[in-house]
Amino acid sequence: MIDTPAAFARPWDVLVIGGGNAALCAAISARRSGARVLVLEGAPRFYRGGNTRHTRNMRCAHDAATEILTGPYFEEEFFDDLMRVTGGQTDQELARHMIHESKEMLHWIVEQGVRFQPSLGGTLSLGRTNSFFLGGGRSMLNALYRTAEGLGVEVAYDAEVIDLDVDKGVFRAATVRHGGAVFKVRAATLVAAAGGFEANIEWLKEGWGDIAENFLIRGTPYNRGTVLKMLIGKGVQSIGDPTQCHAVAIDARAPKFDGGIITRLDCVVFGIVVNKNCERFYDEGEDIWPKRYAIWGRLVAAQPDQIAYIVFDAKSLKLFMPSLYPPVQAPSLRELAAKLELDPGKFAATVAEFNGAVRPGTFDDKILDDCRTEGLSPPKTHWARPLDTAPFYAYPVRPGITFTYLGVRVDHDARMQLADGGKAENMFAAGEIMAGNVLGKGYAAGIGMTIGSVFGRIAGREAANNARQ
Amino acid sequence: MPASDTMLAADPVHATNALKEADRLMTVCNSCRYCEGLCAVFPAMEMRRSFSDGDLNYLANLCHSCGACYYDCQFSPPHEFDINVPRNLAVVRADSYRAYAWPAALRPMFDRNGLAISLVAALSVAAFILGFIAWHDPAVLFGTHTGPGAFYRLMPHNAMAALFGGVFLYAIVALVLGVCAFWRDIGAPGAEIADPPSLWQAIKDAGQLRYLDGGGVGCMNESEKPDDNRRLYHHFTFYGFMLCFAATSVATLYHYLLGREAPYPIWDLPVLLGTAGGVGLIVGPIGLLAAKFRREKAMQDEARFGMDVAFLGMLFLTSLTGLALLALRATPAMGVLLALHLGVVFALFFTMPYGKFVHGIYRFVALVRYAKERRTLAAGAAEA
């Protein structure tokens, strides 16, 4: 443990704000470039790392299969995937730069102590493109912290930055609240890697209105976006839609914060989804689940009270990954509705209408099969099978917010750009706080970690160079 | 039977609260799977969607308590999900030792195991000392005896062989019956235990403590900073024990086949093996005990601390008294040291089925089962 008041008083070459993948890659990279580095993590030690603690893999381009990746994933294919998921909302030049750099990241991150393994059980579709962290994201973080501390990077926890002294794109100092006291920390350069604002309900309400009160936050309560807000307030150019966030439908029984991956539900395609009025509202079988899971948070957010229910029957129970809570179960549809506190008559009628619209087909959950409804609105275009086999099951779901898109604009060197034109003198950014540069909307598994590691490494190196000048 | 009837019963019936908690943990872990590369427990878990008591006892005995999953888990304490797999499986594992012990009448020895083993050891040592005193006049007990057969002037060889052969056989019978109970409980087909490829795999996995390494970086015993100390000290202990066992076996062959009586010269095989093993049994238990005291409290099954310490203590004393006997065997202290050593060894054998020793047996058997499950799964995947 460092003596924090003494550390705060010392002058630093590079001050890193944040404690996740991007922050640690920046800290390590800056330290390896010879800089004296202080990391300010706003969370307590256990919750260090923001969203990184919930991640499990990283998407990097590679020209050949490796011990853990089943085949090549060329830069061009990565770029095409990014264009597809973002609908073109990306800084193409920066995206290509990141994708190119990601190739080397597979080796660099291993040199920092991170260990990989082949894709996890149940995630075979990612086996070629994504490298999984052995032990998951927290294990990856632990390795980065071990390496950073071994190199002499100093880390302060519970160190919340409450103000930045920035003048015309020049960073001078950060004001830090720690242990009930307030300190001013000076450094030659700044790397902001403090994440987005997904845990800041008040801020989410600016984009979503009061319904944001009903959102669940998948990560820690510490992702409040205060550094992002300060930077934009101090004249740094913003990028990305300020109102948008990545939202999936997660178990409504999950805690308000930090439920992580185990609250996710992969069973929408196997049943129907109704709102609290027992009405279906979207085609549950539109496409394979990995391509559709990210729209359901938004869909549920648009329903009354921001709640919905995935309903399926005994035929489908074993077709998907288990999750944290068991489904609500009942021997009949009416009893299931009663347990969900829905109108049993309307519920049974909705299921009956659906069942009546299902056309015969050959069920196959591996392909876009021919099981569909006819004359139903909205339709279910694949995997439609009547709900007729007791017992019946349901999961209540709510929007679960993963991350936000608003960020600060950066260039190739991860240097912040100013709103009135020009570049910041000594301020760099990495990770979710600048992800909007390459990820304007949508998501592809593991890309958040790629953004964090690649730009973290660049930001650290450039900050160290900058500090020397 | 549709699996759905049992797998999502609202409140599955489990024999103990620890098993109930293990079921909760394995269900949570099964929906995450980030730890599957760390050891055998999580891949074995993934082969199941619901967990009977037998399944949980199997998983608990597969766990080597390396601690990596505790430090790698985003939901371990203080997180509200309170995912603490190493501690829970340690509790379930120790409960299972008690549940499988034969005969049932001796199962309470596990309740206060440290005390029970200390008492047995003390009584055993006292019995040997009193026995020697009762059989011989003090001149023999405190005399100096050297040359072949010196030990047998204190206790006739046949008496020694009968006593230790007897207690050894008893321990084997009790352990075998315990293993049978375990094998039945985890629902493994009887013939699988003799599947040669699985046995060989388990021998390799156990021999190198493959799963006591946090998935490759080392054990996380006291913090998220891994090291290989526990594996190293366990190797000292286990191979030290095996060397001592080999020394005794060679000596038995010498006695019956070659007619050569103990004590043997310093350079002779039984003494060389025993000395090397003895050093292992000094260094190993000390290292493991130190690691135990340093271990993160949150991961410990504190109620079983006594059991662990008692077993390490017995191994340590076995070696210490043996080495002392070797060093002082030509002095008048030999008689008392022999009684001490024999008393400790007798107690060690007698308590084997009723203490931490069984961990090695059950863990090995669990590894056999795991190897077989892996092979079956691979064969199924190859067919598909």
# chains A, B, ... in the order shown; residues from 1 in each chain; ligands from 1
>>> residues_around(residues="Val358 (chain A)", least_positions_apart="2", cutoff="8 Å", atoms="only C-alpha atoms", output="list in words")
Phe354, Asn355, Gly356, Pro360, Cys371, Arg372, Thr373, Glu374, Ala384, Arg385 and Pro386 of chain A
>>> write_last_selection(atoms="C-alpha atoms", output="compact mmCIF listing (two decimals), in the first residue's frame")
# COMPACT_ATOMS: atom_id res chain seq x y z
CA PHE A 354 -49.60 -17.18 -30.64
CA ASN A 355 -50.01 -20.95 -30.53
CA GLY A 356 -52.76 -20.76 -33.11
CA PRO A 360 -45.59 -26.50 -38.76
CA CYS A 371 -40.74 -22.47 -37.63
CA ARG A 372 -42.75 -19.25 -37.89
CA THR A 373 -46.12 -17.69 -37.27
CA GLU A 374 -48.64 -16.63 -39.86
CA ALA A 384 -41.79 -20.45 -33.28
CA ARG A 385 -43.17 -23.46 -31.45
CA PRO A 386 -46.46 -23.54 -29.54
>>> residues_around(residues="region 255-268 of chain B", least_positions_apart="3", cutoff="9 Å", atoms="only C-alpha atoms", output="JSON, numbers by chain")
{"B": [146, 147, 148, 149, 150, 151, 152, 250, 251, 252, 271, 272, 273, 326, 329]}
>>> closest_residue(among="A:Glu75, A:Thr404, A:Arg84, A:Pro326", to="Trp203 (chain A)", atoms="only C-alpha atoms")
A:Thr404
>>> interface_residues(of="chain A", to="chain B", cutoff="7 Å", atoms="only C-alpha atoms", output="MDAnalysis selection string")
chainID A and resid 53:54 56 117 120 134:136 138:139 142 261:262 321:324 326
>>> residues_around(residues="Leu59 (chain B)", least_positions_apart="5", cutoff="8 Å", atoms="only C-alpha atoms", output="list in words")
Val41, Ala44, Met45, Leu89 and Ala366 of chain B
>>> residues_around(residues="Ala333 (chain B)", least_positions_apart="2", cutoff="10 Å", atoms="only C-alpha atoms", output="VMD selection string")
chain B and resid 141 to 144 324 to 325 328 to 331 335 to 338
>>> write_last_selection(atoms="N, CA and C atoms", output="compact mmCIF listing (two decimals), in the first residue's frame")
# COMPACT_ATOMS: atom_id res chain seq x y z
N LEU B 141 15.71 -51.13 28.81
CA LEU B 141 15.10 -49.95 28.18
C LEU B 141 16.11 -48.83 28.02
N PHE B 142 16.92 -48.64 29.06
CA PHE B 142 17.88 -47.53 29.00
C PHE B 142 19.28 -47.99 28.66
N GLY B 143 19.41 -49.20 28.19
CA GLY B 143 20.72 -49.73 27.81
C GLY B 143 21.09 -49.26 26.42
N THR B 144 22.36 -49.57 26.07
CA THR B 144 22.81 -49.25 24.73
C THR B 144 22.83 -50.53 23.92
N ALA B 324 15.32 -38.71 14.90
CA ALA B 324 15.97 -38.70 16.21
C ALA B 324 16.43 -40.10 16.57
N LEU B 325 15.61 -41.07 16.23
CA LEU B 325 15.97 -42.46 16.50
C LEU B 325 17.22 -42.86 15.72
N LEU B 328 20.29 -41.13 17.33
CA LEU B 328 20.65 -41.52 18.70
C LEU B 328 20.50 -43.01 18.96
N ARG B 329 20.49 -43.80 17.87
CA ARG B 329 20.15 -45.21 18.06
C ARG B 329 21.26 -45.98 18.78
N ALA B 330 22.47 -45.41 18.82
CA ALA B 330 23.56 -46.11 19.52
C ALA B 330 23.74 -45.58 20.93
N THR B 331 22.75 -44.86 21.44
CA THR B 331 22.89 -44.29 22.78
C THR B 331 21.79 -44.86 23.69
N GLY B 335 15.89 -46.60 23.46
CA GLY B 335 14.69 -47.31 23.89
C GLY B 335 13.47 -46.40 23.93
N VAL B 336 13.64 -45.25 24.56
CA VAL B 336 12.52 -44.32 24.69
C VAL B 336 12.14 -43.77 23.32
N LEU B 337 13.15 -43.44 22.49
CA LEU B 337 12.87 -42.90 21.16
C LEU B 337 12.14 -43.93 20.29
N LEU B 338 12.54 -45.19 20.43
CA LEU B 338 11.86 -46.23 19.66
C LEU B 338 10.38 -46.29 20.06
>>> residues_around(residues="region 185-192 of chain B", least_positions_apart="4", cutoff="8 Å", atoms="only C-alpha atoms", output="list in words")
Asp53, Gly54, Asp55, Asn57, Tyr58, Ala181, Arg369 and Lys372 of chain B
>>> write_last_selection(atoms="N, CA and C atoms", output="PDB file, in the first residue's frame")
ATOM      1  N   ASP B  53     -26.458 -34.126  -4.085  1.00  0.00           N
ATOM      2  CA  ASP B  53     -25.446 -34.132  -3.028  1.00  0.00           C
ATOM      3  C   ASP B  53     -24.197 -34.879  -3.481  1.00  0.00           C
ATOM      4  N   GLY B  54     -24.411 -35.997  -4.184  1.00  0.00           N
ATOM      5  CA  GLY B  54     -23.268 -36.768  -4.670  1.00  0.00           C
ATOM      6  C   GLY B  54     -22.417 -35.963  -5.641  1.00  0.00           C
ATOM      7  N   ASP B  55     -23.076 -35.252  -6.567  1.00  0.00           N
ATOM      8  CA  ASP B  55     -22.341 -34.397  -7.509  1.00  0.00           C
ATOM      9  C   ASP B  55     -21.503 -33.371  -6.750  1.00  0.00           C
ATOM     10  N   ASN B  57     -20.435 -33.458  -3.653  1.00  0.00           N
ATOM     11  CA  ASN B  57     -19.319 -34.081  -2.937  1.00  0.00           C
ATOM     12  C   ASN B  57     -18.176 -34.420  -3.897  1.00  0.00           C
ATOM     13  N   TYR B  58     -18.535 -34.820  -5.086  1.00  0.00           N
ATOM     14  CA  TYR B  58     -17.525 -35.086  -6.126  1.00  0.00           C
ATOM     15  C   TYR B  58     -16.766 -33.804  -6.462  1.00  0.00           C
ATOM     16  N   ALA B 181     -17.973 -46.021  -0.400  1.00  0.00           N
ATOM     17  CA  ALA B 181     -19.110 -45.168  -0.059  1.00  0.00           C
ATOM     18  C   ALA B 181     -19.089 -43.900  -0.904  1.00  0.00           C
ATOM     19  N   ARG B 369     -12.536 -40.233 -11.705  1.00  0.00           N
ATOM     20  CA  ARG B 369     -13.883 -40.009 -12.225  1.00  0.00           C
ATOM     21  C   ARG B 369     -13.881 -38.881 -13.265  1.00  0.00           C
ATOM     22  N   LYS B 372     -12.339 -39.928 -16.503  1.00  0.00           N
ATOM     23  CA  LYS B 372     -13.276 -40.758 -17.252  1.00  0.00           C
ATOM     24  C   LYS B 372     -14.361 -39.892 -17.904  1.00  0.00           C
TER      25      LYS B 372
END
>>> residues_around(residues="region 303-314 of chain A", least_positions_apart="3", cutoff="7 Å", atoms="only C-alpha atoms", output="tab-separated table (two decimals) with N, CA and C atoms, in the first residue's frame")
chain	number	residue	atom	x	y	z
A	214	ASN	N	-35.88	2.92	-13.68
A	214	ASN	CA	-36.16	1.48	-13.69
A	214	ASN	C	-35.07	0.65	-14.36
A	268	VAL	N	-34.78	-15.62	-25.21
A	268	VAL	CA	-35.84	-14.90	-25.92
A	268	VAL	C	-36.29	-15.67	-27.17
A	270	PHE	N	-36.47	-18.65	-27.82
A	270	PHE	CA	-37.17	-19.92	-27.61
A	270	PHE	C	-38.62	-19.77	-27.17
A	271	GLY	N	-39.03	-18.54	-26.86
A	271	GLY	CA	-40.40	-18.37	-26.38
A	271	GLY	C	-41.02	-17.11	-26.93
A	272	ILE	N	-41.88	-16.52	-26.12
A	272	ILE	CA	-42.44	-15.22	-26.49
A	272	ILE	C	-42.11	-14.24	-25.37
A	273	VAL	N	-42.17	-12.96	-25.71
A	273	VAL	CA	-41.92	-11.94	-24.70
A	273	VAL	C	-43.15	-11.04	-24.63
A	274	VAL	N	-43.71	-10.90	-23.43
A	274	VAL	CA	-44.89	-10.05	-23.25
A	274	VAL	C	-44.58	-8.94	-22.25
A	275	ASN	N	-45.33	-7.84	-22.37
A	275	ASN	CA	-45.17	-6.76	-21.40
A	275	ASN	C	-46.18	-6.96	-20.26
A	276	LYS	N	-46.28	-5.97	-19.38
A	276	LYS	CA	-47.14	-6.15	-18.20
A	276	LYS	C	-48.63	-6.21	-18.57
A	299	LEU	N	-35.92	-2.32	-26.29
A	299	LEU	CA	-37.32	-2.71	-26.49
A	299	LEU	C	-38.07	-2.76	-25.16
A	300	VAL	N	-37.44	-3.32	-24.15
A	300	VAL	CA	-38.09	-3.42	-22.84
A	300	VAL	C	-38.23	-2.03	-22.21
A	317	LEU	N	-36.39	-25.65	-22.06
A	317	LEU	CA	-35.67	-25.35	-20.82
A	317	LEU	C	-34.17	-25.59	-20.90
A	387	LEU	N	-46.45	-22.95	-27.20
A	387	LEU	CA	-46.16	-23.15	-25.78
A	387	LEU	C	-47.25	-24.08	-25.26
A	388	ASP	N	-46.94	-25.37	-25.23
A	388	ASP	CA	-48.00	-26.34	-24.90
A	388	ASP	C	-47.55	-27.45	-23.96
A	389	THR	N	-46.30	-27.40	-23.52
A	389	THR	CA	-45.78	-28.51	-22.73
A	389	THR	C	-45.46	-28.03	-21.30
A	390	ALA	N	-46.25	-28.47	-20.36
A	390	ALA	CA	-46.03	-28.08	-18.97
A	390	ALA	C	-44.78	-28.77	-18.44
A	391	PRO	N	-44.12	-28.23	-17.43
A	391	PRO	CA	-44.45	-26.95	-16.80
A	391	PRO	C	-44.05	-25.76	-17.67
A	392	PHE	N	-44.65	-24.62	-17.35
A	392	PHE	CA	-44.36	-23.38	-18.08
A	392	PHE	C	-43.44	-22.51	-17.23
A	393	TYR	N	-42.63	-21.73	-17.94
A	393	TYR	CA	-41.60	-20.93	-17.25
A	393	TYR	C	-41.63	-19.49	-17.72
A	394	ALA	N	-41.13	-18.61	-16.86
A	394	ALA	CA	-40.98	-17.21	-17.26
A	394	ALA	C	-39.83	-16.56	-16.51
A	395	TYR	N	-39.15	-15.66	-17.20
A	395	TYR	CA	-38.15	-14.79	-16.57
A	395	TYR	C	-38.65	-13.35	-16.69
A	396	PRO	N	-38.75	-12.63	-15.59
A	396	PRO	CA	-39.02	-11.19	-15.69
A	396	PRO	C	-37.74	-10.48	-16.12
A	397	VAL	N	-37.84	-9.53	-17.03
A	397	VAL	CA	-36.63	-8.83	-17.50
A	397	VAL	C	-36.81	-7.31	-17.45
A	398	ARG	N	-35.67	-6.65	-17.24
A	398	ARG	CA	-35.61	-5.18	-17.28
A	398	ARG	C	-34.40	-4.77	-18.12
>>> residues_around(residues="Gly218 (chain B)", least_positions_apart="3", cutoff="12 Å", atoms="only C-alpha atoms", output="VMD selection string")
chain B and resid 38 to 39 64 to 69 209 to 215 221 to 232
>>> select_by_dssp(residues="region 306-468 of chain A", states="alpha helix (DSSP H)", output="ChimeraX atom specification")
/A:333-339,344-357,447-468
>>> atom_distance(atom1="CA of Lys20 (chain B)", atom2="CA of Gly114 (chain B)")
26.6 Å
>>> closest_residue(among="B:Leu317, B:Ala174, B:Ala18, B:Ala121", to="Arg87 (chain B)", atoms="only C-alpha atoms")
B:Ala18
>>> closest_residue(among="A:Glu104, A:Asp266, A:Glu149, A:Asp91", to="Arg457 (chain A)", atoms="only C-alpha atoms")
A:Glu104
